[in-house]
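Asker: So that you have it, the file is input-v8.txt, and it contains compact mmCIF, C-alpha atoms and all ligand atoms:
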```txt
# COMPACT_ATOMS: atom_id res chain seq x y z
CA MET A 21 -9.44 20.61 -21.06
CA ALA A 22 -6.96 18.81 -23.29
CA LEU A 23 -3.37 19.96 -23.34
CA PRO A 24 -3.01 22.49 -26.13
CA LEU A 25 -0.37 21.53 -28.58
CA SER A 26 3.05 22.67 -27.49
CA LEU A 27 5.73 22.78 -30.10
CA TYR A 28 8.10 21.49 -27.41
CA GLY A 29 6.56 18.06 -27.51
CA LEU A 30 7.29 17.60 -31.20
CA SER A 31 10.19 16.03 -33.06
CA PRO A 32 11.63 17.81 -36.13
CA GLU A 33 9.60 15.42 -38.33
CA ASP A 34 6.40 16.19 -36.43
CA LEU A 35 7.08 19.93 -36.75
CA VAL A 36 7.26 19.52 -40.53
CA LYS A 37 3.84 17.85 -40.52
CA VAL A 38 2.09 20.05 -37.98
CA LEU A 39 3.38 23.34 -39.35
CA GLU A 40 3.04 22.12 -42.94
CA LEU A 41 6.60 23.16 -43.67
CA PRO A 42 7.36 23.07 -47.38
CA ARG A 43 11.04 22.19 -46.82
CA PRO A 44 11.75 19.27 -44.45
CA PHE A 45 15.03 20.75 -43.12
CA GLU A 46 13.03 23.61 -41.61
CA GLY A 47 11.68 21.16 -39.04
CA LYS A 48 15.13 20.81 -37.51
CA GLN A 49 15.79 24.54 -37.77
CA ILE A 50 12.68 25.34 -35.75
CA TYR A 51 13.41 22.50 -33.32
CA ARG A 52 16.84 24.02 -32.60
CA TRP A 53 15.47 27.54 -32.16
CA LEU A 54 12.86 26.33 -29.71
CA ALA A 55 15.53 24.61 -27.62
CA LYS A 56 17.35 27.94 -27.44
CA GLY A 57 14.22 29.46 -25.94
CA VAL A 58 13.28 31.35 -29.12
CA THR A 59 9.53 30.92 -29.61
CA ASP A 60 8.84 33.84 -31.91
CA PHE A 61 9.01 32.67 -35.52
CA GLN A 62 10.00 36.18 -36.57
CA GLU A 63 13.28 35.73 -34.69
CA MET A 64 14.15 32.46 -36.43
CA SER A 65 16.52 34.12 -38.80
CA ASP A 66 17.41 31.13 -40.95
CA LEU A 67 13.79 30.70 -42.09
CA SER A 68 12.74 32.58 -45.20
CA LYS A 69 10.89 35.84 -44.65
CA ALA A 70 7.75 34.49 -46.27
CA GLU A 71 7.81 31.42 -44.04
CA ARG A 72 8.32 33.53 -40.91
CA GLU A 73 5.30 35.63 -41.84
CA ARG A 74 3.16 32.59 -42.53
CA LEU A 75 4.03 30.87 -39.26
CA SER A 76 3.61 33.87 -36.97
CA GLY A 77 0.57 33.57 -34.79
CA LEU A 78 -0.30 30.09 -36.00
CA MET A 79 -0.61 28.46 -32.61
CA PRO A 80 0.67 28.52 -29.03
CA LYS A 81 4.36 27.67 -28.93
CA ALA A 82 4.51 26.79 -25.27
CA THR A 83 1.92 25.65 -22.75
CA SER A 84 3.31 27.59 -19.78
CA SER A 85 4.25 31.14 -18.95
CA GLU A 86 6.37 32.67 -16.21
CA VAL A 87 4.35 34.36 -13.54
CA ALA A 88 7.05 35.15 -11.03
CA ASP A 89 10.74 34.90 -10.56
CA GLN A 90 12.61 35.46 -7.38
CA HIS A 91 16.34 35.74 -6.96
CA ALA A 92 18.19 34.70 -3.86
CA ASP A 93 21.28 36.77 -4.34
CA SER A 94 23.14 35.28 -1.41
CA ASP A 95 23.52 31.91 -3.12
CA GLY A 96 22.69 32.67 -6.75
CA SER A 97 19.56 30.54 -6.98
CA THR A 98 16.39 31.54 -8.76
CA LYS A 99 12.94 30.09 -8.35
CA LEU A 100 10.40 30.40 -11.14
CA ALA A 101 6.68 29.89 -10.88
CA LEU A 102 5.08 28.84 -14.15
CA LYS A 103 1.41 29.05 -14.95
CA LEU A 104 0.19 26.05 -16.89
CA TYR A 105 -2.57 25.89 -19.49
CA ASP A 106 -5.20 24.96 -16.89
CA GLY A 107 -4.21 27.67 -14.41
CA SER A 108 -2.19 25.34 -12.14
CA LEU A 109 1.11 26.64 -10.91
CA VAL A 110 4.32 24.71 -10.84
CA GLU A 111 7.72 25.73 -9.50
CA CYS A 112 11.24 25.05 -10.63
CA VAL A 113 14.59 26.30 -9.41
CA MET A 114 17.99 27.11 -10.89
CA LEU A 115 20.79 26.38 -8.45
CA GLU A 116 24.40 27.46 -8.65
CA ASN A 117 27.27 25.67 -7.00
CA GLY A 118 30.45 27.40 -5.90
CA LYS A 119 32.17 26.54 -9.21
CA GLY A 120 29.73 28.51 -11.33
CA GLU A 121 27.94 25.39 -12.59
CA HIS A 122 24.17 25.50 -12.81
CA THR A 123 21.69 22.78 -11.98
CA ALA A 124 18.05 22.96 -12.99
CA CYS A 125 15.76 21.48 -10.37
CA LEU A 126 12.56 20.40 -12.15
CA SER A 127 9.11 19.35 -11.03
CA SER A 128 7.41 16.25 -12.35
CA GLN A 129 3.92 16.77 -10.91
CA VAL A 130 1.70 19.56 -9.64
CA GLY A 131 1.71 18.65 -5.96
CA CYS A 132 2.48 15.13 -4.81
CA ALA A 133 0.46 12.16 -3.61
CA GLN A 134 3.11 10.85 -1.21
CA HIS A 135 2.33 13.14 1.72
CA CYS A 136 5.76 13.02 3.35
CA ALA A 137 5.36 14.67 6.74
CA PHE A 138 8.35 17.00 6.37
CA CYS A 139 7.72 18.31 2.85
CA ARG A 140 5.66 21.33 1.82
CA THR A 141 4.77 19.80 -1.55
CA GLY A 142 3.35 16.84 0.33
CA THR A 143 0.81 19.11 2.04
CA MET A 144 -0.75 19.92 -1.36
CA GLY A 145 -1.77 16.42 -2.35
CA LEU A 146 -1.57 15.48 -6.01
CA GLU A 147 -3.21 17.83 -8.46
CA ARG A 148 -1.98 16.12 -11.61
CA ASN A 149 0.99 14.74 -13.53
CA LEU A 150 2.91 17.10 -15.76
CA ALA A 151 3.06 16.37 -19.46
CA ALA A 152 6.53 15.94 -20.98
CA GLU A 153 6.11 19.31 -22.73
CA GLU A 154 5.48 21.00 -19.39
CA ILE A 155 8.62 19.46 -17.91
CA ILE A 156 10.66 20.49 -20.95
CA GLU A 157 9.33 24.04 -20.76
CA GLN A 158 10.50 24.44 -17.14
CA PHE A 159 14.03 23.76 -18.35
CA ILE A 160 13.67 26.12 -21.30
CA HIS A 161 12.52 28.93 -18.97
CA LEU A 162 15.34 28.26 -16.48
CA ASN A 163 17.97 27.86 -19.15
CA LYS A 164 17.30 31.39 -20.33
CA ILE A 165 18.69 32.60 -16.97
CA GLU A 166 21.91 30.57 -17.27
CA PRO A 167 22.80 27.48 -19.29
CA ALA A 168 22.44 24.52 -16.96
CA SER A 169 24.88 21.62 -17.03
CA HIS A 170 22.89 19.34 -14.72
CA ILE A 171 19.26 18.46 -14.09
CA VAL A 172 17.76 17.05 -10.90
CA PHE A 173 14.15 15.92 -10.57
CA MET A 174 13.93 17.18 -7.01
CA GLY A 175 11.20 19.76 -7.44
CA MET A 176 7.52 19.14 -6.86
CA GLY A 177 6.25 15.63 -7.23
CA GLU A 178 7.35 12.02 -7.37
CA PRO A 179 9.09 11.47 -10.74
CA LEU A 180 8.71 7.69 -10.64
CA ALA A 181 4.93 8.14 -10.43
CA ASN A 182 5.10 9.96 -13.78
CA LEU A 183 7.96 8.08 -15.34
CA ASP A 184 6.81 8.01 -18.98
CA ASN A 185 6.62 11.78 -19.20
CA VAL A 186 9.85 12.23 -17.24
CA LEU A 187 11.66 9.86 -19.63
CA ARG A 188 10.24 11.64 -22.66
CA ALA A 189 11.53 14.96 -21.32
CA ILE A 190 14.92 13.39 -20.56
CA ALA A 191 15.17 12.03 -24.11
CA TYR A 192 14.62 15.59 -25.32
CA PHE A 193 17.33 17.06 -23.03
CA HIS A 194 19.73 14.33 -24.19
CA ASP A 195 19.11 14.93 -27.90
CA LYS A 196 22.17 16.34 -29.65
CA ASP A 197 20.01 18.88 -31.45
CA THR A 198 18.72 20.36 -28.19
CA PHE A 199 21.02 20.30 -25.15
CA ASN A 200 23.09 17.17 -25.71
CA LEU A 201 23.03 16.68 -21.96
CA SER A 202 24.74 13.53 -20.75
CA LEU A 203 22.35 11.15 -18.98
CA ARG A 204 24.92 10.91 -16.20
CA ARG A 205 24.21 14.54 -15.40
CA ILE A 206 20.52 13.91 -14.83
CA THR A 207 19.28 12.70 -11.45
CA ILE A 208 15.88 11.29 -10.65
CA SER A 209 14.97 11.51 -6.98
CA THR A 210 12.36 9.15 -5.55
CA SER A 211 10.69 8.60 -2.23
CA GLY A 212 11.12 4.87 -2.85
CA VAL A 213 8.44 3.78 -5.31
CA VAL A 214 9.69 0.24 -5.81
CA PRO A 215 7.96 -0.64 -9.13
CA GLY A 216 9.29 2.64 -10.56
CA ILE A 217 12.85 1.75 -9.51
CA ARG A 218 12.46 -1.61 -11.25
CA ARG A 219 11.13 0.05 -14.41
CA LEU A 220 13.98 2.54 -14.37
CA ALA A 221 16.51 -0.27 -13.94
CA ALA A 222 14.99 -2.06 -16.93
CA THR A 223 15.62 0.94 -19.19
CA ASN A 224 19.36 0.50 -18.60
CA LEU A 225 19.88 4.23 -18.99
CA PRO A 226 22.90 5.60 -17.07
CA LEU A 227 20.75 8.13 -15.21
CA ARG A 228 21.60 8.94 -11.60
CA LEU A 229 19.14 7.84 -8.95
CA ALA A 230 18.61 9.45 -5.55
CA VAL A 231 16.43 7.72 -2.99
CA SER A 232 14.96 9.72 -0.13
CA LEU A 233 15.49 7.40 2.79
CA VAL A 234 15.11 9.76 5.78
CA SER A 235 14.94 6.86 8.22
CA ALA A 236 16.11 3.25 8.26
CA ASP A 237 13.51 2.35 10.85
CA ASP A 238 10.22 1.08 9.42
CA ARG A 239 8.16 2.46 12.27
CA LEU A 240 9.51 5.99 11.97
CA ARG A 241 9.60 5.86 8.17
CA ASN A 242 5.95 4.78 8.06
CA GLU A 243 5.15 7.92 9.97
CA LEU A 244 7.38 10.29 8.02
CA MET A 245 6.91 8.78 4.57
CA PRO A 246 3.60 6.95 4.03
CA VAL A 247 5.06 5.36 0.88
CA ASN A 248 6.91 3.05 3.30
CA ARG A 249 3.63 1.41 4.25
CA THR A 250 3.29 0.18 0.68
CA PHE A 251 6.98 -0.40 -0.03
CA PRO A 252 8.74 -1.10 3.29
CA LEU A 253 12.49 -0.82 3.80
CA ALA A 254 13.23 -4.49 3.04
CA ASP A 255 11.42 -4.31 -0.34
CA LEU A 256 13.18 -1.06 -1.14
CA LYS A 257 16.58 -2.56 -0.36
CA ARG A 258 15.89 -5.59 -2.52
CA ALA A 259 14.93 -3.37 -5.46
CA LEU A 260 18.08 -1.29 -4.99
CA GLN A 261 20.29 -4.37 -4.82
CA GLU A 262 18.76 -5.54 -8.09
CA TYR A 263 19.25 -2.07 -9.49
CA GLN A 264 22.97 -2.34 -8.79
CA GLU A 265 23.34 -5.95 -9.87
CA GLY A 266 24.01 -5.15 -13.49
CA GLY A 267 26.91 -2.95 -12.37
CA GLY A 268 27.66 0.65 -13.22
CA LYS A 269 24.48 2.00 -11.65
CA ARG A 270 25.03 4.48 -8.87
CA PHE A 271 22.59 5.94 -6.45
CA THR A 272 22.62 8.06 -3.31
CA PHE A 273 20.43 8.03 -0.25
CA GLU A 274 19.01 11.41 0.67
CA TYR A 275 18.59 11.81 4.40
CA CYS A 276 16.58 14.82 5.46
CA MET A 277 17.75 15.49 9.03
CA LEU A 278 14.89 16.37 11.35
CA GLY A 279 16.01 17.87 14.66
CA GLY A 280 15.62 15.46 17.57
CA THR A 281 13.91 12.84 15.37
CA ASN A 282 16.21 10.86 13.06
CA THR A 283 19.59 12.10 14.29
CA THR A 284 20.10 9.79 17.27
CA GLU A 285 22.82 7.19 17.73
CA SER A 286 20.29 4.42 17.18
CA SER A 287 19.15 6.07 13.91
CA ALA A 288 22.78 6.08 12.73
CA LYS A 289 23.24 2.46 13.73
CA LYS A 290 20.10 1.38 11.86
CA LEU A 291 21.23 3.36 8.83
CA ALA A 292 24.62 1.61 8.89
CA ALA A 293 22.95 -1.79 9.09
CA TYR A 294 20.54 -0.91 6.29
CA ILE A 295 23.15 0.18 3.79
CA ARG A 296 25.30 -2.91 4.28
CA GLY A 297 25.59 -4.64 0.90
CA LEU A 298 24.75 -1.49 -1.07
CA ASP A 299 27.29 0.70 -2.82
CA VAL A 300 25.90 4.03 -1.69
CA ILE A 301 26.76 7.41 -0.24
CA VAL A 302 24.34 9.10 2.11
CA ASN A 303 23.53 12.72 1.38
CA LEU A 304 22.55 14.51 4.58
CA ILE A 305 20.14 17.40 4.02
CA PRO A 306 19.39 19.48 7.11
CA TYR A 307 15.62 20.03 7.18
CA ASN A 308 14.46 23.26 5.54
CA GLU A 309 11.79 24.97 7.52
CA ALA A 310 8.20 25.39 6.41
CA ALA A 311 5.91 27.46 8.61
CA GLU A 312 3.04 24.97 8.42
CA LEU A 313 5.14 21.93 9.42
CA PRO A 314 6.10 20.98 12.98
CA TRP A 315 9.74 19.93 12.48
CA SER A 316 12.88 21.77 13.40
CA ARG A 317 16.19 22.15 11.65
CA PRO A 318 19.04 20.53 13.60
CA ASP A 319 21.68 23.00 14.71
CA GLU A 320 25.37 22.59 13.85
CA LYS A 321 26.04 20.76 17.09
CA GLU A 322 23.37 18.16 16.39
CA ILE A 323 24.53 17.75 12.79
CA GLY A 324 28.12 17.30 13.98
CA LYS A 325 27.08 14.70 16.53
CA PHE A 326 25.13 12.67 13.96
CA CYS A 327 28.12 12.79 11.64
CA ARG A 328 30.33 11.41 14.39
CA TYR A 329 27.89 8.53 14.89
CA LEU A 330 27.99 7.84 11.16
CA ASP A 331 31.81 7.91 11.26
CA MET A 332 31.74 5.48 14.15
CA PHE A 333 29.52 3.05 12.22
CA GLY A 334 31.47 3.45 8.97
CA VAL A 335 28.78 5.18 6.87
CA LYS A 336 30.01 7.25 3.91
CA TYR A 337 28.19 10.55 3.73
CA THR A 338 28.23 14.12 2.49
CA ILE A 339 26.29 17.08 3.87
CA ARG A 340 24.23 19.14 1.48
CA TYR A 341 23.33 22.58 2.62
CA SER A 342 20.37 23.35 0.39
CA LYS A 343 20.57 26.32 -1.90
CA GLY A 344 17.50 28.39 -2.50
CA ARG A 345 16.31 28.73 1.09
CA GLY A 346 16.09 32.50 0.65
CA VAL A 347 13.33 32.08 -1.95
CA ASN A 348 11.63 29.04 -0.37
CA GLY A 349 13.12 27.16 -3.28
CA ALA A 350 15.15 24.63 -1.35
CA CYS A 351 14.35 20.91 -1.03
CA GLY A 352 10.90 20.41 0.39
CA GLN A 353 9.93 24.08 0.27
CA LEU A 354 8.06 24.09 -3.03
CA ALA A 355 4.30 24.44 -2.91
CA THR A 356 1.86 26.40 -4.99
CA LYS A 357 -1.56 27.56 -3.99
CA THR A 358 -2.95 29.93 -6.56
CA LYS A 359 -5.13 28.20 -9.04
CA GLU A 360 -6.66 30.74 -11.32
CA LYS A 361 -8.55 29.18 -14.14
CA ALA A 362 -6.99 30.87 -17.10
CA GLY A 363 -7.50 30.23 -20.74
CA SER A 364 -4.62 31.89 -22.50
CA ASN A 365 -1.34 30.12 -23.04
CA GLN A 366 1.07 32.82 -24.02
N1 LIG B 1 9.63 13.29 -4.63
C1 LIG B 1 11.01 13.07 -4.79
C2 LIG B 1 11.74 14.28 -5.32
C3 LIG B 1 11.34 15.61 -4.76
S1 LIG B 1 11.74 15.89 -3.07
C4 LIG B 1 11.64 12.59 -3.50
O1 LIG B 1 10.98 12.62 -2.48
O2 LIG B 1 12.78 12.16 -3.55
C5 LIG B 1 13.48 16.21 -3.20
C6 LIG B 1 14.25 16.00 -1.91
O3 LIG B 1 13.87 16.96 -0.93
C7 LIG B 1 14.04 14.65 -1.26
O4 LIG B 1 15.30 14.07 -1.01
C8 LIG B 1 13.33 14.97 0.04
O5 LIG B 1 13.65 14.04 1.04
C9 LIG B 1 13.86 16.34 0.34
N2 LIG B 1 13.02 17.13 1.22
C10 LIG B 1 11.67 17.19 1.25
N3 LIG B 1 11.26 18.07 2.17
C11 LIG B 1 12.38 18.59 2.73
C12 LIG B 1 12.61 19.59 3.69
N4 LIG B 1 11.61 20.23 4.29
N5 LIG B 1 13.89 19.91 4.00
C13 LIG B 1 14.92 19.28 3.38
N6 LIG B 1 14.77 18.36 2.43
C14 LIG B 1 13.50 18.00 2.11
FE1 LIG B 2 6.47 14.12 -2.61
FE2 LIG B 2 9.15 14.01 -2.48
FE3 LIG B 2 7.78 15.80 -1.03
FE4 LIG B 2 7.64 13.24 -0.39
S1 LIG B 2 9.48 14.52 -0.33
S2 LIG B 2 5.90 14.65 -0.53
S3 LIG B 2 7.71 12.28 -2.40
S4 LIG B 2 7.90 15.72 -3.25
```
Go through the file and emit its structure as structure tokens.
Answerer:
Amino acid sequence: MALPLSLYGLSPEDLVKVLELPRPFEGKQIYRWLAKGVTDFQEMSDLSKAERERLSGLMPKATSSEVADQHADSDGSTKLALKLYDGSLVECVMLENGKGEHTACLSSQVGCAQHCAFCRTGTMGLERNLAAEEIIEQFIHLNKIEPASHIVFMGMGEPLANLDNVLRAIAYFHDKDTFNLSLRRITISTSGVVPGIRRLAATNLPLRLAVSLVSADDRLRNELMPVNRTFPLADLKRALQEYQEGGGKRFTFEYCMLGGTNTTESSAKKLAAYIRGLDVIVNLIPYNEAAELPWSRPDEKEIGKFCRYLDMFGVKYTIRYSKGRGVNGACGQLATKTKEKAGSNQ
């Protein structure tokens, strides 16, 4: 089934053509309404009445619909499940930090081909890439809950394996007639797909990059993250050094802490050696549990001990306690099963 036309994929000029708008400025008017989450032409109050009537019911305005939302009141995060045109489900999460700022955590694929051993999404395998429209629509749905000031591609999927669509969606978020979101507030997180990092570097866009390192030991990383067998640590480091060569490009290492596995003194030492020569901060993320996976979350004592090792070896780090755990919406907890084959779009 081909993707039904979503108005979210269209520029103001395309809207004029597709909707056969008699007045070109109406393209931008509709474009702006859509970005506000208004999809009913009847509500687009600056269009003439006759035009609103004509447009109503012309075609689907979005390719996805909300099937469930869950609130985790303790930390203010909300996870949404969206049903896509082909019945696949994809999840996205709105996170709130202590300062009242909101970050939209978006998915780039249904499932993921990377099969990281500690990640629920990895257990699904890859169903398919998301189209740019489908990525944009996640943000539109989330933004109706609260306006988001930041976006992270840390939901389902490997964004660098679907970079064209991710970049198209980012161009939309950055557009001054939609959200005018600074590229510096958008983070792409990757498991370490080296050609993707090179492609991203070549765009010269000031996007933020996060690299999920998890281990600085090839043997352990091969086991935890199969992507390491294709792009081992040395190749990854070379690509990241090149990424930083032009200057001004920042990235972080994400380090999912697995109890009793990558939190030893020798793990810290290898991490310190690995980051030498890179301008990077390590983001420690204590593992979030998933019933079907065998790992354990390190307790505070173990976290504290690993931090002391990092201090000893001079590694700069922060600890990120994931939001969204109450709704299984935290890092690594997103996975969808239901796949009803449904025809309708909205
Ligand atoms: N595919 C990309 C982005 C999505 S995963 C990537 O791997 O970077 C987003 C983050 O969640 C990554 O940093 C990943 O290491 C982390 N993560 C995955 N499973 C996790 C889990 N069970 N607990 C904590 N973090 C996890
Ligand atoms: Fe895919 Fe990222 Fe999960 Fe690995 S951690 S399986 S790359 S979503």
Asker: Given a cut-off of 8 Å, what residues near ligand LIG 1 (chain B) show up using all atoms listed in the file, put as number ranges by chain?
Answerer: A: 127, 132, 134, 136, 138-141, 173-179, 208-212, 230-234, 273-277, 305-310, 342, 350-353
Asker: Neighbours of Ser26 in chain A within 7 Å (only C-alpha atoms; same-chain residues fewer than 4 positions away dropped), as a count of residues only?
Answerer: 5
Asker: Draw an axis-aligned box tight on the listed atoms of ligand LIG 2 (chain B), then pad every side by 5 Å and write out centre and edge lengths in Å to one decimal as JSON.
Answerer:
```
{"center_x": 7.7, "center_y": 14.0, "center_z": -1.8, "size_x": 13.6, "size_y": 13.5, "size_z": 12.9}
```
Asker: From the set A:Leu220, A:Val110, A:Val213, A:Ala189, which residue has the shortest atom-to-atom contact distance to ligand LIG 2 (chain B), counting only C-alpha atoms and all ligand atoms?
Answerer: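 Closest to ligand LIG 2 (chain B), using only C-alpha atoms and all ligand atoms: A:Val213.
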Asker: Between A:Lys325, A:Arg241, A:Arg296, A:His194, single out the one closest to ligand LIG 2 (chain B), counting only C-alpha atoms and all ligand atoms.
Answerer: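 Among the listed residues, the smallest separation from ligand LIG 2 (chain B) belongs to A:Arg241.
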Asker: Applying 10 Å and only C-alpha atoms, which residues near Val335 in chain A remain after dropping the ones on its own chain fewer than 3 positions away? List them as an NGL selection string.
Answerer: :A and (288-289 or 291-293 or 295-296 or 300-302 or 327-332 or 338)
Asker: Using CA of Leu244 in chain A and CA of Asn182 in chain A as the two end points, give the distance in Å to one decimal.
Answerer: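 Computing it gives 21.9 Å between the two atoms.
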Asker: A:Ile339, A:Ala311, A:Lys269, A:Lys257: which is nearest Ala222 in chain A, counting all atoms listed in the file?
Answerer: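 Closest residue, counting all atoms listed in the file: A:Lys269.
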Asker: So what do you get for CA of Leu100 in chain A versus CA of Ala181 in chain A, distance-wise?
Answerer: 22.9 Å
Asker: Using all atoms listed in the file, which residue out of A:Lys99, A:His135, A:Arg258, A:Arg228 lies closest to ligand LIG 2 (chain B)?
Answerer: A:His135
Asker: Can you tell me how far CA of Asp34 in chain A sits from CA of Asp197 in chain A, in Å to one decimal?
Answerer: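 Between CA of Asp34 in chain A and CA of Asp197 in chain A the gap is 14.7 Å.
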Asker: Have a look at A:Arg188, A:Lys119, A:Lys321, A:His170 and name the one nearest to Ile156 in chain A; count all atoms listed in the file.
Answerer: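 Looking at the shortest contact to Ile156 in chain A, the residue is A:Arg188.
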Asker: A:Leu354, A:Val38, A:Leu78, A:Ile171: which is nearest Leu115 in chain A, counting only C-alpha atoms?
Answerer: A:Ile171
Asker: Can you list, as JSON, numbers by chain, every protein, DNA or RNA residue that comes within 10 Å of Glu166 in chain A when you count only C-alpha atoms, leaving out same-chain residues fewer than 2 positions away?
Answerer: {"A": [114, 115, 116, 121, 122, 123, 124, 161, 162, 163, 164, 168, 169]}
Asker: What's around Leu225 in chain A at 12 Å? Count only C-alpha atoms, leave out sequence neighbours fewer than 3 positions away in its own chain, and write the answer as a CSV table (one decimal) with C-alpha atoms, in the frame of the given file.
Answerer:
```
chain,number,residue,atom,x,y,z
A,187,LEU,CA,11.7,9.9,-19.6
A,190,ILE,CA,14.9,13.4,-20.6
A,191,ALA,CA,15.2,12.0,-24.1
A,194,HIS,CA,19.7,14.3,-24.2
A,202,SER,CA,24.7,13.5,-20.8
A,203,LEU,CA,22.4,11.2,-19.0
A,204,ARG,CA,24.9,10.9,-16.2
A,205,ARG,CA,24.2,14.5,-15.4
A,206,ILE,CA,20.5,13.9,-14.8
A,207,THR,CA,19.3,12.7,-11.4
A,208,ILE,CA,15.9,11.3,-10.6
A,219,ARG,CA,11.1,0.0,-14.4
A,220,LEU,CA,14.0,2.5,-14.4
A,221,ALA,CA,16.5,-0.3,-13.9
A,222,ALA,CA,15.0,-2.1,-16.9
A,228,ARG,CA,21.6,8.9,-11.6
A,229,LEU,CA,19.1,7.8,-9.0
A,263,TYR,CA,19.2,-2.1,-9.5
A,266,GLY,CA,24.0,-5.2,-13.5
A,268,GLY,CA,27.7,0.6,-13.2
A,269,LYS,CA,24.5,2.0,-11.6
A,270,ARG,CA,25.0,4.5,-8.9
```
